[in-house]
Structures are given as structure tokens and as C-alpha cells.
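File shown: query_26.cif. Contents: mmCIF, C-alpha atoms.
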data_structure
#
loop_
_atom_site.label_atom_id
_atom_site.label_comp_id
_atom_site.auth_asym_id
_atom_site.auth_seq_id
_atom_site.Cartn_x
_atom_site.Cartn_y
_atom_site.Cartn_z
CA MET A 51 -23.13 -11.88 -14.50
CA PRO A 52 -24.36 -11.67 -10.90
CA GLY A 53 -22.85 -8.96 -8.73
CA PRO A 54 -21.01 -11.30 -6.32
CA GLU A 55 -18.82 -12.55 -9.23
CA ARG A 56 -17.79 -9.01 -10.17
CA ASP A 57 -15.26 -6.67 -8.58
CA ILE A 58 -14.69 -2.93 -8.97
CA VAL A 59 -11.11 -1.71 -8.58
CA ILE A 60 -10.78 2.01 -7.85
CA GLY A 61 -7.21 2.95 -8.64
CA ALA A 62 -6.84 0.21 -11.24
CA ASP A 63 -3.90 1.88 -12.99
CA GLY A 64 -1.84 2.59 -9.88
CA PHE A 65 0.93 0.42 -8.42
CA LEU A 66 -1.29 -1.85 -6.33
CA GLY A 67 -4.19 -1.75 -8.78
CA ARG A 68 -2.13 -2.83 -11.80
CA ASN A 69 -1.05 -5.92 -9.91
CA LEU A 70 -4.45 -6.57 -8.32
CA VAL A 71 -6.56 -6.53 -11.51
CA PRO A 72 -4.83 -9.50 -13.23
CA ARG A 73 -4.89 -11.50 -9.99
CA LEU A 74 -8.65 -11.06 -9.68
CA ARG A 75 -9.18 -12.02 -13.31
CA ALA A 76 -6.98 -15.09 -12.83
CA GLU A 77 -9.44 -16.14 -10.12
CA GLY A 78 -12.30 -15.93 -12.62
CA ARG A 79 -13.69 -12.56 -11.50
CA GLU A 80 -15.06 -9.93 -13.83
CA VAL A 81 -13.29 -6.67 -13.06
CA VAL A 82 -14.55 -3.13 -13.63
CA GLU A 83 -11.52 -0.82 -13.71
CA ILE A 84 -11.77 2.76 -12.48
CA GLY A 85 -8.55 4.66 -13.03
CA ARG A 86 -7.19 8.03 -14.09
CA ALA A 87 -9.52 8.18 -17.09
CA ALA A 88 -12.41 8.64 -14.65
CA GLY A 89 -10.99 12.03 -13.70
CA ASP A 90 -9.93 13.56 -10.40
CA LEU A 91 -11.58 11.42 -7.73
CA SER A 92 -11.38 14.25 -5.21
CA GLU A 93 -14.23 15.75 -7.29
CA TRP A 94 -17.60 14.26 -6.34
CA ALA A 95 -19.01 14.35 -9.88
CA ASN A 96 -16.30 12.00 -11.17
CA VAL A 97 -16.76 9.44 -8.40
CA GLU A 98 -20.54 9.62 -8.69
CA ARG A 99 -20.36 9.06 -12.45
CA ALA A 100 -17.97 6.11 -12.17
CA LEU A 101 -19.80 4.22 -9.41
CA ARG A 102 -23.26 4.97 -10.78
CA ALA A 103 -22.27 3.60 -14.21
CA ALA A 104 -20.61 0.46 -12.84
CA PRO A 105 -22.71 -2.71 -12.85
CA PRO A 106 -23.51 -4.28 -9.45
CA ALA A 107 -20.42 -5.80 -7.86
CA GLY A 108 -19.71 -8.11 -4.95
CA ARG A 109 -16.60 -6.22 -3.87
CA ILE A 110 -15.09 -2.77 -4.32
CA PHE A 111 -11.32 -2.59 -3.91
CA HIS A 112 -10.46 1.02 -3.09
CA VAL A 113 -6.70 1.26 -3.59
CA VAL A 114 -6.27 4.83 -4.84
CA THR A 115 -4.43 7.49 -2.86
CA ARG A 116 -2.33 10.59 -3.49
CA GLN A 117 1.12 9.84 -2.12
CA ARG A 118 4.56 11.42 -2.08
CA THR A 119 7.74 10.10 -0.50
CA GLY A 120 11.05 11.37 0.82
CA ALA A 121 11.74 14.85 2.14
CA VAL A 122 9.11 16.48 -0.11
CA GLN A 123 6.26 14.93 1.86
CA TYR A 124 7.06 17.05 4.94
CA ASP A 125 5.99 20.20 3.07
CA ILE A 126 2.69 19.01 1.57
CA GLN A 127 0.85 17.26 4.40
CA GLY A 128 -2.05 19.70 4.24
CA GLU A 129 -2.40 19.03 0.53
CA LEU A 130 -2.28 15.27 1.02
CA LEU A 131 -4.87 15.48 3.78
CA ALA A 132 -7.25 17.61 1.72
CA ILE A 133 -7.03 15.61 -1.49
CA ASN A 134 -7.07 12.15 0.05
CA ALA A 135 -9.84 12.92 2.54
CA ARG A 136 -12.03 14.15 -0.32
CA VAL A 137 -11.27 11.04 -2.38
CA HIS A 138 -12.08 8.70 0.49
CA LEU A 139 -15.27 10.50 1.52
CA ASN A 140 -16.46 10.55 -2.09
CA VAL A 141 -15.87 6.81 -2.40
CA LEU A 142 -17.72 6.10 0.85
CA GLU A 143 -20.75 8.10 -0.24
CA ALA A 144 -20.84 6.60 -3.74
CA TRP A 145 -20.52 3.12 -2.22
CA ARG A 146 -23.58 3.79 -0.06
CA LEU A 147 -25.63 5.26 -2.89
CA PHE A 148 -24.76 3.08 -5.88
CA GLN A 149 -23.08 -0.16 -4.68
CA PRO A 150 -24.51 -0.91 -1.21
CA GLN A 151 -24.47 -4.68 -1.87
CA ALA A 152 -20.68 -4.60 -2.35
CA LYS A 153 -18.12 -5.20 0.35
CA LEU A 154 -15.70 -2.25 0.41
CA VAL A 155 -12.11 -3.49 0.77
CA SER A 156 -9.76 -0.57 1.30
CA THR A 157 -6.06 -0.34 2.03
CA GLY A 158 -4.29 1.57 4.74
CA SER A 159 -0.81 2.32 5.96
CA SER A 160 1.16 1.83 9.14
CA CYS A 161 1.53 5.62 9.25
CA THR A 162 -1.95 5.70 10.82
CA TYR A 163 -0.31 4.34 13.98
CA PRO A 164 1.81 6.30 16.46
CA GLU A 165 5.55 5.85 16.53
CA SER A 166 6.54 2.86 18.65
CA PRO A 167 9.61 0.65 19.13
CA GLU A 168 7.25 -2.33 19.37
CA PRO A 169 4.96 -3.92 16.73
CA LEU A 170 1.57 -2.25 16.84
CA PRO A 171 -1.70 -4.24 17.18
CA GLU A 172 -5.02 -2.97 15.87
CA ALA A 173 -5.93 -1.72 19.35
CA ARG A 174 -3.35 1.05 18.87
CA PHE A 175 -4.92 2.25 15.61
CA GLY A 176 -5.25 6.04 15.61
CA GLN A 177 -3.91 6.34 19.17
CA GLY A 178 -1.20 8.92 19.61
CA PRO A 179 0.64 11.26 17.24
CA THR A 180 1.91 10.06 13.88
CA HIS A 181 5.32 10.94 12.45
CA PRO A 182 5.49 14.57 11.17
CA SER A 183 6.32 13.38 7.65
CA VAL A 184 2.94 11.64 7.31
CA ILE A 185 0.61 13.52 9.65
CA GLY A 186 -1.83 14.62 6.92
CA TYR A 187 -1.57 11.49 4.80
CA GLY A 188 -2.07 9.30 7.86
CA LEU A 189 -5.06 11.32 9.06
CA ALA A 190 -6.75 10.87 5.67
CA LYS A 191 -6.24 7.11 5.96
CA GLN A 192 -7.85 7.24 9.39
CA VAL A 193 -10.80 9.05 7.79
CA LEU A 194 -11.12 6.17 5.33
CA ALA A 195 -10.88 3.42 7.96
CA THR A 196 -13.13 5.05 10.56
CA GLY A 197 -15.47 6.29 7.84
CA SER A 198 -15.88 2.78 6.50
CA ALA A 199 -16.88 1.58 9.96
CA ALA A 200 -19.29 4.49 10.43
CA TYR A 201 -20.98 3.93 7.06
CA ALA A 202 -21.21 0.19 7.66
CA HIS A 203 -22.82 0.75 11.05
CA GLN A 204 -25.36 3.35 9.91
CA TYR A 205 -26.31 1.89 6.54
CA GLY A 206 -25.86 -1.86 7.09
CA LEU A 207 -22.89 -2.16 4.73
CA SER A 208 -19.89 -4.49 4.74
CA PHE A 209 -16.23 -3.43 4.72
CA LEU A 210 -12.67 -4.47 5.48
CA HIS A 211 -9.81 -2.01 5.90
CA CYS A 212 -6.41 -3.71 5.53
CA VAL A 213 -3.30 -2.01 6.93
CA LEU A 214 -0.43 -3.06 4.67
CA ALA A 215 3.32 -3.53 4.76
CA THR A 216 5.76 -1.43 2.71
CA LEU A 217 5.46 -2.80 -0.82
CA TYR A 218 7.74 -3.37 -3.77
CA GLY A 219 7.30 -5.07 -7.12
CA PRO A 220 6.28 -4.49 -10.75
CA HIS A 221 4.65 -1.22 -11.88
CA ASP A 222 5.97 0.91 -9.02
CA ASN A 223 6.41 4.57 -9.96
CA LYS A 224 10.11 5.36 -10.39
CA ALA A 225 9.86 9.14 -9.89
CA SER A 226 12.09 10.22 -7.02
CA ASP A 227 9.17 11.56 -4.97
CA ARG A 228 6.71 8.81 -5.85
CA SER A 229 8.49 5.46 -5.63
CA HIS A 230 8.16 3.26 -2.59
CA PHE A 231 11.29 2.81 -0.50
CA VAL A 232 12.50 -0.55 -1.89
CA GLY A 233 11.79 0.30 -5.52
CA ALA A 234 13.57 3.63 -5.19
CA LEU A 235 16.61 2.03 -3.55
CA LEU A 236 16.87 -0.68 -6.21
CA ASP A 237 16.42 1.75 -9.10
CA ARG A 238 19.18 3.98 -7.78
CA ALA A 239 21.48 0.98 -7.27
CA VAL A 240 20.93 -0.13 -10.87
CA ARG A 241 21.77 3.33 -12.21
CA GLU A 242 24.78 3.84 -9.98
CA LYS A 243 26.24 0.43 -10.80
CA ALA A 244 25.86 1.19 -14.52
CA ALA A 245 27.63 4.51 -13.97
CA GLY A 246 30.58 2.74 -12.32
CA ALA A 247 30.09 4.02 -8.77
CA LEU A 248 32.58 2.68 -6.24
CA GLN A 249 30.19 2.72 -3.30
CA PHE A 250 26.45 2.80 -2.63
CA GLU A 251 24.98 5.41 -0.33
CA VAL A 252 22.02 4.48 1.85
CA TRP A 253 19.87 7.48 2.73
CA GLY A 254 18.66 7.77 6.29
CA ASN A 255 19.51 5.54 9.21
CA PRO A 256 20.38 1.94 8.22
CA ARG A 257 18.92 0.77 11.55
CA THR A 258 15.45 2.07 10.61
CA VAL A 259 12.98 -0.83 10.80
CA ARG A 260 10.18 -1.57 8.32
CA GLU A 261 8.21 -4.57 7.09
CA ILE A 262 8.61 -5.32 3.40
CA LEU A 263 6.33 -7.42 1.18
CA HIS A 264 6.31 -8.18 -2.53
CA VAL A 265 3.11 -6.79 -4.00
CA GLU A 266 1.98 -10.26 -5.16
CA ASP A 267 2.25 -11.60 -1.62
CA GLN A 268 0.42 -8.56 -0.28
CA ILE A 269 -2.45 -9.02 -2.72
CA LYS A 270 -2.81 -12.67 -1.73
CA ALA A 271 -2.83 -11.55 1.90
CA ILE A 272 -5.63 -9.04 1.22
CA LEU A 273 -7.71 -11.68 -0.55
CA ALA A 274 -7.13 -14.17 2.26
CA ALA A 275 -8.19 -11.53 4.79
CA GLU A 276 -11.31 -10.64 2.82
CA ARG A 277 -12.50 -14.24 2.99
CA GLN A 278 -12.12 -14.44 6.76
CA PHE A 279 -12.80 -10.96 8.18
CA ASN A 280 -15.69 -8.53 7.93
CA ASN A 281 -16.32 -5.04 9.28
CA GLU A 282 -12.85 -4.68 10.78
CA ILE A 283 -9.68 -2.63 10.61
CA LEU A 284 -7.06 -5.36 10.19
CA ASN A 285 -3.27 -5.45 10.11
CA CYS A 286 -2.41 -7.48 7.05
CA ALA A 287 1.30 -8.31 6.84
CA ALA A 288 3.78 -11.03 7.81
CA ASN A 289 5.30 -10.01 11.17
CA LYS A 290 8.79 -10.04 9.62
CA PRO A 291 10.53 -6.72 10.27
CA ILE A 292 13.77 -5.83 8.50
CA THR A 293 16.22 -2.93 8.74
CA VAL A 294 16.95 -0.52 5.91
CA GLY A 295 20.56 -1.67 6.03
CA GLU A 296 19.52 -5.29 5.47
CA VAL A 297 17.36 -4.25 2.52
CA ALA A 298 20.30 -2.39 0.98
CA ARG A 299 22.65 -5.35 1.39
CA THR A 300 20.06 -7.70 -0.12
CA ALA A 301 19.56 -5.35 -3.08
CA LEU A 302 23.29 -5.25 -3.81
CA ALA A 303 23.48 -9.04 -3.54
CA ALA A 304 20.56 -9.42 -5.97
CA LEU A 305 22.31 -7.01 -8.33
CA LYS A 306 25.63 -8.85 -7.85
CA TRP A 307 27.31 -5.55 -7.08
CA LYS A 308 30.12 -5.83 -4.55
CA VAL A 309 30.79 -2.34 -3.28
CA PRO A 310 30.88 -0.85 0.22
CA ILE A 311 27.74 0.77 1.60
CA LYS A 312 27.99 4.33 2.88
CA THR A 313 25.34 5.72 5.22
CA SER A 314 24.03 9.28 5.10
CA LEU A 315 22.43 10.20 8.39
CA ASP A 316 21.83 13.77 7.22
CA SER A 317 19.32 12.66 4.56
CA PHE A 318 15.55 12.26 5.03
CA GLN A 319 14.47 9.96 7.85
CA GLY A 320 10.98 8.81 8.67
CA ALA A 321 9.86 7.00 11.81
CA ALA A 322 12.66 4.92 13.35
CA THR A 323 10.44 1.84 13.67
CA LYS A 324 7.19 1.30 11.79
CA VAL A 325 6.00 -2.27 12.15
CA ILE A 326 2.47 -3.60 12.64
CA ASP A 327 1.44 -6.71 14.55
CA SER A 328 -0.53 -8.94 12.16
CA SER A 329 -0.97 -11.87 14.54
CA ARG A 330 -4.78 -11.96 14.31
CA PHE A 331 -4.68 -12.09 10.53
CA LEU A 332 -1.91 -14.69 10.40
CA ASN A 333 -3.49 -16.96 13.00
CA LYS A 334 -6.93 -16.98 11.39
CA THR A 335 -5.96 -17.27 7.71
CA GLY A 336 -2.77 -19.32 7.79
CA TRP A 337 -1.41 -17.06 5.04
CA ARG A 338 2.37 -16.77 4.75
CA PRO A 339 4.50 -14.88 2.20
CA LYS A 340 6.01 -16.93 -0.63
CA ILE A 341 8.54 -14.48 -2.11
CA ASP A 342 11.65 -13.73 -0.07
CA LEU A 343 13.26 -10.33 -0.58
CA LYS A 344 16.27 -11.45 -2.62
CA SER A 345 14.13 -13.58 -4.97
CA GLY A 346 11.63 -10.76 -5.35
CA LEU A 347 14.35 -8.27 -6.20
CA ARG A 348 15.90 -10.67 -8.71
CA GLN A 349 12.48 -11.08 -10.37
CA LEU A 350 12.08 -7.32 -10.51
CA LEU A 351 15.55 -6.82 -11.99
CA ALA A 352 14.81 -9.39 -14.70
CA ARG A 353 11.37 -7.98 -15.49
CA GLU A 354 11.96 -4.25 -15.44
CA TYR A 355 15.69 -3.89 -16.09
CA GLN A 356 16.44 -7.07 -18.12
CA ILE A 357 19.30 -7.83 -15.73
#
Write the structure described by the file as C-alpha cells, please.
Amino acid sequence: MPGPERDIVIGADGFLGRNLVPRLRAEGREVVEIGRAAGDLSEWANVERALRAAPPAGRIFHVVTRQRTGAVQYDIQGELLAINARVHLNVLEAWRLFQPQAKLVSTGSSCTYPESPEPLPEARFGQGPTHPSVIGYGLAKQVLATGSAAYAHQYGLSFLHCVLATLYGPHDNKASDRSHFVGALLDRAVREKAAGALQFEVWGNPRTVREILHVEDQIKAILAAERQFNNEILNCAANKPITVGEVARTALAALKWKVPIKTSLDSFQGAATKVIDSSRFLNKTGWRPKIDLKSGLRQLLAREYQI
């Protein structure tokens, strides 16, 4: 099969990767999966072996990252910087050496932007300090994005770095320090309802603003962006911010659990507002999300909790 009809997914058994692989195959692509079985990707030998052995591909989707959430992430930012920067630099070098014909499509986070009460356009990328809870993680993502541009410029390669929304959906890790915000909130609501709790506590400030996307919508957005953009750092979301309080109320409605919500302002809080401006992406592609939050949560409850 010619390279352009083949994709490599690095991080194929992670949250995003496990949803991305079947979508690519549904579009008729051959997919080479590189996951945990390849070994620690912060070690050059493992990345070299995996990319050298892979047949020529048209695209490499680099969606692997070491991530932790909640209060624990404050204490390990050096670790997250060191591990993730090594992973990303290894992938960039192996891309150049063994898959130079492939377009590298990588994923980033809004934590690479400074704190701001306003939606952030790409021109603000990497400008100003990031929130203390993600300073190392965010810097490693900047290494990936800027490194992709540097490699593309020097070696004549092709890349796209997509900055994503906060995701939820199937295959999210449910560990307390690993789950994404929406998945963690829903999982806790399911358990507390089953235990007969008389109220639901929302950690952090309910006025905190994020942008939420179902992982299936986000994958379609990435693929739409890849068709239209090249050699860019691109915000790739829906321009639909929502507060943490609204997410909590929607989760309880999806669960059909009518209890009061209690707020806990003493618990972990990240940036007060973390929203990207995806106008360029939306205007050029015409992409729009299909799964509203309540429907997405109901689907997730049915699939993973049989509720």
C-alpha cells in the first residue's frame, strides 16, 4: 500500500489514540499502531526502533504525552517537562530520519498559552507565563510545537500542531490523577449517586471557564484541519466556552440525579479562564461539533456504566 494511504499513530492505546485509530480505519486508512508495547518513548532507542520498523506513511499522528491532573500536578512539573520534552524531541528526530515523507500531526493544549480572561488566538501562543499547575507540561508542548516548525523549516518537512479543547468520552483513564476534568466529574457523580449521597460537591470554582469537546468531535476537527492547514500551529476547537458549574449541572441532568450542588473553593483550582480562539480553523473548514454535552454524557453513561 502506498505511504499516503497509511497512517502511524503514536500513542495508539491512550485516550485520544484509542478513539482515533478506529476513525482512521473507518475512512479506509491502514493504521500502524505504536503504543505502550513499544516501550518508554522518552528513551531514544524505543522511538528509533518503532519509527524505523514502520512502513512509509502519509501521516504520523503524535498523540502521546505524560499527563497528571488535579493537585498532584503542581508537585511534578519538572518531571513532566523532562519526560515529555524527551518524548517529543525523540519523535521529531525519528520523523526526520525514518518518515520524512509523512506529515506530522501533533496535539497540544491550551496550557501553552498565558492566562487570560479573553479567548486566545494563535498569535498569543507561548507569550507570557502559564499557570503554575502546568508550567512544565505546557513548556514541553511548546517544545513540540516550535520543534515541529523548526524541523519542517530546516529539513523541508510538513507538520500541523493542533491545540485542542478539554476532552471527554470513551476510554478516558478513570484514575483520580489521570482522568480529564469531565470524565472525573462524571465518574464521581455516578459513584456518589450509587452510594446515596444527598448532595454533589464541585471541586474548585464553579465559575471557572473551559471549552469542552467530545473526543469524537475533536478527532473530526483534527482531520478537517489536517486537510486545510499545513505547517502551522492551529487552535482547533469550537469557540463555545462553558463554566465548570454548567458542566456539573449538565452531568447531574444526564444522570437524572436531582440533588443540590455544593462548591468547594478550597480544593484544587487551575487557571480561571482557559479558552482558545479557533476562528481561523472554523472559518476555513466549516467544521462544527455534532455532540452536545448532555447527549455526549448520556452516551458515555450508557457505554461505560450501563446506565
Selection under test: the PyMOL selection byres ((chain A and resi 335) around 10); residues as a PyMOL selection string:
chain A and resi 271+274-279+330-334+336-338
Residue IDs satisfying the PyMOL selection byres ((chain A and resi 266) around 12), as an MDAnalysis selection string
chainID A and resid 65:74 217:221 262:265 267:273 338:342 346 349:350
Write a file of the selected residues as an mmCIF file, keeping the file's coordinate frame, keeping C-alpha atoms.
data_model
loop_
_atom_site.group_PDB
_atom_site.id
_atom_site.type_symbol
_atom_site.label_atom_id
_atom_site.label_comp_id
_atom_site.auth_asym_id
_atom_site.auth_seq_id
_atom_site.Cartn_x
_atom_site.Cartn_y
_atom_site.Cartn_z
ATOM 1 C CA PHE A 65 0.930 0.420 -8.420
ATOM 2 C CA LEU A 66 -1.290 -1.850 -6.330
ATOM 3 C CA GLY A 67 -4.190 -1.750 -8.780
ATOM 4 C CA ARG A 68 -2.130 -2.830 -11.800
ATOM 5 C CA ASN A 69 -1.050 -5.920 -9.910
ATOM 6 C CA LEU A 70 -4.450 -6.570 -8.320
ATOM 7 C CA VAL A 71 -6.560 -6.530 -11.510
ATOM 8 C CA PRO A 72 -4.830 -9.500 -13.230
ATOM 9 C CA ARG A 73 -4.890 -11.500 -9.990
ATOM 10 C CA LEU A 74 -8.650 -11.060 -9.680
ATOM 11 C CA LEU A 217 5.460 -2.800 -0.820
ATOM 12 C CA TYR A 218 7.740 -3.370 -3.770
ATOM 13 C CA GLY A 219 7.300 -5.070 -7.120
ATOM 14 C CA PRO A 220 6.280 -4.490 -10.750
ATOM 15 C CA HIS A 221 4.650 -1.220 -11.880
ATOM 16 C CA ILE A 262 8.610 -5.320 3.400
ATOM 17 C CA LEU A 263 6.330 -7.420 1.180
ATOM 18 C CA HIS A 264 6.310 -8.180 -2.530
ATOM 19 C CA VAL A 265 3.110 -6.790 -4.000
ATOM 20 C CA ASP A 267 2.250 -11.600 -1.620
ATOM 21 C CA GLN A 268 0.420 -8.560 -0.280
ATOM 22 C CA ILE A 269 -2.450 -9.020 -2.720
ATOM 23 C CA LYS A 270 -2.810 -12.670 -1.730
ATOM 24 C CA ALA A 271 -2.830 -11.550 1.900
ATOM 25 C CA ILE A 272 -5.630 -9.040 1.220
ATOM 26 C CA LEU A 273 -7.710 -11.680 -0.550
ATOM 27 C CA ARG A 338 2.370 -16.770 4.750
ATOM 28 C CA PRO A 339 4.500 -14.880 2.200
ATOM 29 C CA LYS A 340 6.010 -16.930 -0.630
ATOM 30 C CA ILE A 341 8.540 -14.480 -2.110
ATOM 31 C CA ASP A 342 11.650 -13.730 -0.070
ATOM 32 C CA GLY A 346 11.630 -10.760 -5.350
ATOM 33 C CA GLN A 349 12.480 -11.080 -10.370
ATOM 34 C CA LEU A 350 12.080 -7.320 -10.510
#
Reference answer for the PyMOL selection byres ((chain A and resi 289-300) around 8), as a PyMOL selection string
chain A and resi 232+235+252+255-262+287-288+301-304+311+325-329+343-344
Keeping only C-alpha atoms, write the selected residues as an mmCIF file, in the frame of the given file.
data_model
loop_
_atom_site.group_PDB
_atom_site.id
_atom_site.type_symbol
_atom_site.label_atom_id
_atom_site.label_comp_id
_atom_site.auth_asym_id
_atom_site.auth_seq_id
_atom_site.Cartn_x
_atom_site.Cartn_y
_atom_site.Cartn_z
ATOM 1 C CA VAL A 232 12.500 -0.550 -1.890
ATOM 2 C CA LEU A 235 16.610 2.030 -3.550
ATOM 3 C CA VAL A 252 22.020 4.480 1.850
ATOM 4 C CA ASN A 255 19.510 5.540 9.210
ATOM 5 C CA PRO A 256 20.380 1.940 8.220
ATOM 6 C CA ARG A 257 18.920 0.770 11.550
ATOM 7 C CA THR A 258 15.450 2.070 10.610
ATOM 8 C CA VAL A 259 12.980 -0.830 10.800
ATOM 9 C CA ARG A 260 10.180 -1.570 8.320
ATOM 10 C CA GLU A 261 8.210 -4.570 7.090
ATOM 11 C CA ILE A 262 8.610 -5.320 3.400
ATOM 12 C CA ALA A 287 1.300 -8.310 6.840
ATOM 13 C CA ALA A 288 3.780 -11.030 7.810
ATOM 14 C CA ALA A 301 19.560 -5.350 -3.080
ATOM 15 C CA LEU A 302 23.290 -5.250 -3.810
ATOM 16 C CA ALA A 303 23.480 -9.040 -3.540
ATOM 17 C CA ALA A 304 20.560 -9.420 -5.970
ATOM 18 C CA ILE A 311 27.740 0.770 1.600
ATOM 19 C CA VAL A 325 6.000 -2.270 12.150
ATOM 20 C CA ILE A 326 2.470 -3.600 12.640
ATOM 21 C CA ASP A 327 1.440 -6.710 14.550
ATOM 22 C CA SER A 328 -0.530 -8.940 12.160
ATOM 23 C CA SER A 329 -0.970 -11.870 14.540
ATOM 24 C CA LEU A 343 13.260 -10.330 -0.580
ATOM 25 C CA LYS A 344 16.270 -11.450 -2.620
#
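With all atoms listed in the file as the atoms that count, the residue of A:Lys191, A:Lys306, A:His230, A:Arg146 with the shortest distance to Val114 (chain A) is A:Lys191.
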What is the CA of Ala152 (chain A) to CA of Gln177 (chain A) distance in Å?
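Separation of CA of Ala152 (chain A) and CA of Gln177 (chain A): 29.4 Å.
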In Å, how far is it from CA of Leu147 (chain A) to CA of Ser160 (chain A)?
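Taking CA of Leu147 (chain A) as the start and CA of Ser160 (chain A) as the end point, the length is 29.6 Å.
The coordinates place CA of Val213 (chain A) at 13.6 Å from CA of Pro164 (chain A).
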Name the residues in contact with Arg86 (chain A) at a cut-off of 10 Å, using only C-alpha atoms, excluding same-chain residues fewer than 6 positions from it; report them as a list in words.
Ile60, Gly61, Ala62, Asp63, Gly64 and Val114 of chain A
I'd like the contact shell of Lys312 (chain A) - 7 Å cut-off, all atoms listed in the file, skipping same-chain residues fewer than 4 positions apart - returned as a CSV table (one decimal) with C-alpha atoms, in the frame of the given file.
chain,number,residue,atom,x,y,z
A,249,GLN,CA,30.2,2.7,-3.3
A,250,PHE,CA,26.4,2.8,-2.6
A,251,GLU,CA,25.0,5.4,-0.3
A,252,VAL,CA,22.0,4.5,1.8
Residue with smallest distance to Leu207 (chain A) - pool A:Val113, A:Val155, A:Ile185, A:Ala95, counting only C-alpha atoms:
A:Val155
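The closest residue to Thr162 (chain A), picked from A:Ala103, A:Val59, A:Leu305, A:Ala321 and counting only C-alpha atoms, is A:Ala321.
Nearest-residue note for Ile110 (chain A): choosing from A:Ala234, A:Ala200, A:Cys212, A:Val141, the minimum distance belongs to A:Val141, counting only C-alpha atoms.
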Which of these residues is nearest to Ala247 (chain A), using only C-alpha atoms: A:Ala104, A:Val309, A:Ala195, A:Leu189?
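Looking at the shortest contact to Ala247 (chain A), the residue is A:Val309.
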Given all atoms listed in the file as the counted atoms, nearest of A:Asp90, A:Glu77, A:Glu98, A:Asp57 to Leu142 (chain A):
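Distance minimum relative to Leu142 (chain A) lands on A:Glu98.
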Using all atoms listed in the file, which residues sit within 9 Å of region 202-204 of chain A once same-chain residues fewer than 5 positions away are excluded, as a ChimeraX atom specification?
/A:146,197,209,281
Spatial neighbours of Leu139 (chain A), 12 Å, all atoms listed in the file, chain gap at least 2 places, as number ranges by chain:
A: 91-94, 97-98, 112, 131-137, 141-146, 190-198, 200-201
Region 213-222 of chain A: axis-aligned bounding box, 4 Å on each side, centre and edge lengths in Å, one decimal, as JSON:
{"center_x": 2.2, "center_y": -2.1, "center_z": -2.5, "size_x": 19.0, "size_y": 14.0, "size_z": 26.8}
Rebuild N, CA, C and O atoms on region 211-226 of chain A, as a compact mmCIF listing (two decimals), in the frame of the given file?
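Saved file rebuild09.txt follows:
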# COMPACT_ATOMS: atom_id res chain seq x y z
N HIS A 211 -10.92 -2.94 6.13
CA HIS A 211 -9.81 -2.01 5.90
C HIS A 211 -8.52 -2.71 6.29
O HIS A 211 -8.32 -3.06 7.46
N CYS A 212 -7.65 -2.97 5.32
CA CYS A 212 -6.41 -3.71 5.53
C CYS A 212 -5.23 -2.75 5.63
O CYS A 212 -4.95 -1.99 4.70
N VAL A 213 -4.52 -2.80 6.76
CA VAL A 213 -3.30 -2.01 6.93
C VAL A 213 -2.14 -2.85 6.39
O VAL A 213 -1.93 -3.99 6.83
N LEU A 214 -1.40 -2.29 5.44
CA LEU A 214 -0.43 -3.06 4.67
C LEU A 214 1.01 -2.83 5.11
O LEU A 214 1.33 -1.88 5.83
N ALA A 215 1.88 -3.70 4.61
CA ALA A 215 3.32 -3.53 4.76
C ALA A 215 3.83 -2.50 3.74
O ALA A 215 3.06 -1.98 2.92
N THR A 216 5.12 -2.21 3.76
CA THR A 216 5.76 -1.43 2.71
C THR A 216 5.97 -2.34 1.51
O THR A 216 6.55 -3.42 1.64
N LEU A 217 5.50 -1.92 0.34
CA LEU A 217 5.46 -2.80 -0.82
C LEU A 217 6.56 -2.50 -1.83
O LEU A 217 7.07 -1.39 -1.92
N TYR A 218 6.88 -3.52 -2.61
CA TYR A 218 7.74 -3.37 -3.77
C TYR A 218 7.26 -4.35 -4.82
O TYR A 218 6.51 -5.29 -4.53
N GLY A 219 7.69 -4.15 -6.07
CA GLY A 219 7.30 -5.07 -7.12
C GLY A 219 7.06 -4.35 -8.44
O GLY A 219 7.36 -3.17 -8.59
N PRO A 220 6.50 -5.06 -9.43
CA PRO A 220 6.28 -4.49 -10.75
C PRO A 220 5.32 -3.31 -10.72
O PRO A 220 4.42 -3.25 -9.88
N HIS A 221 5.53 -2.37 -11.64
CA HIS A 221 4.65 -1.22 -11.88
C HIS A 221 4.78 -0.12 -10.83
O HIS A 221 3.97 0.81 -10.85
N ASP A 222 5.77 -0.18 -9.96
CA ASP A 222 5.97 0.91 -9.02
C ASP A 222 6.42 2.15 -9.80
O ASP A 222 7.15 2.04 -10.79
N ASN A 223 6.00 3.32 -9.34
CA ASN A 223 6.41 4.57 -9.96
C ASN A 223 7.88 4.83 -9.63
O ASN A 223 8.28 4.75 -8.47
N LYS A 224 8.68 5.18 -10.62
CA LYS A 224 10.11 5.36 -10.39
C LYS A 224 10.50 6.82 -10.16
O LYS A 224 11.68 7.12 -9.97
N ALA A 225 9.55 7.74 -10.19
CA ALA A 225 9.86 9.14 -9.89
C ALA A 225 10.42 9.25 -8.48
O ALA A 225 9.98 8.54 -7.57
N SER A 226 11.38 10.15 -8.29
CA SER A 226 12.09 10.22 -7.02
C SER A 226 11.18 10.52 -5.83
O SER A 226 11.47 10.12 -4.70
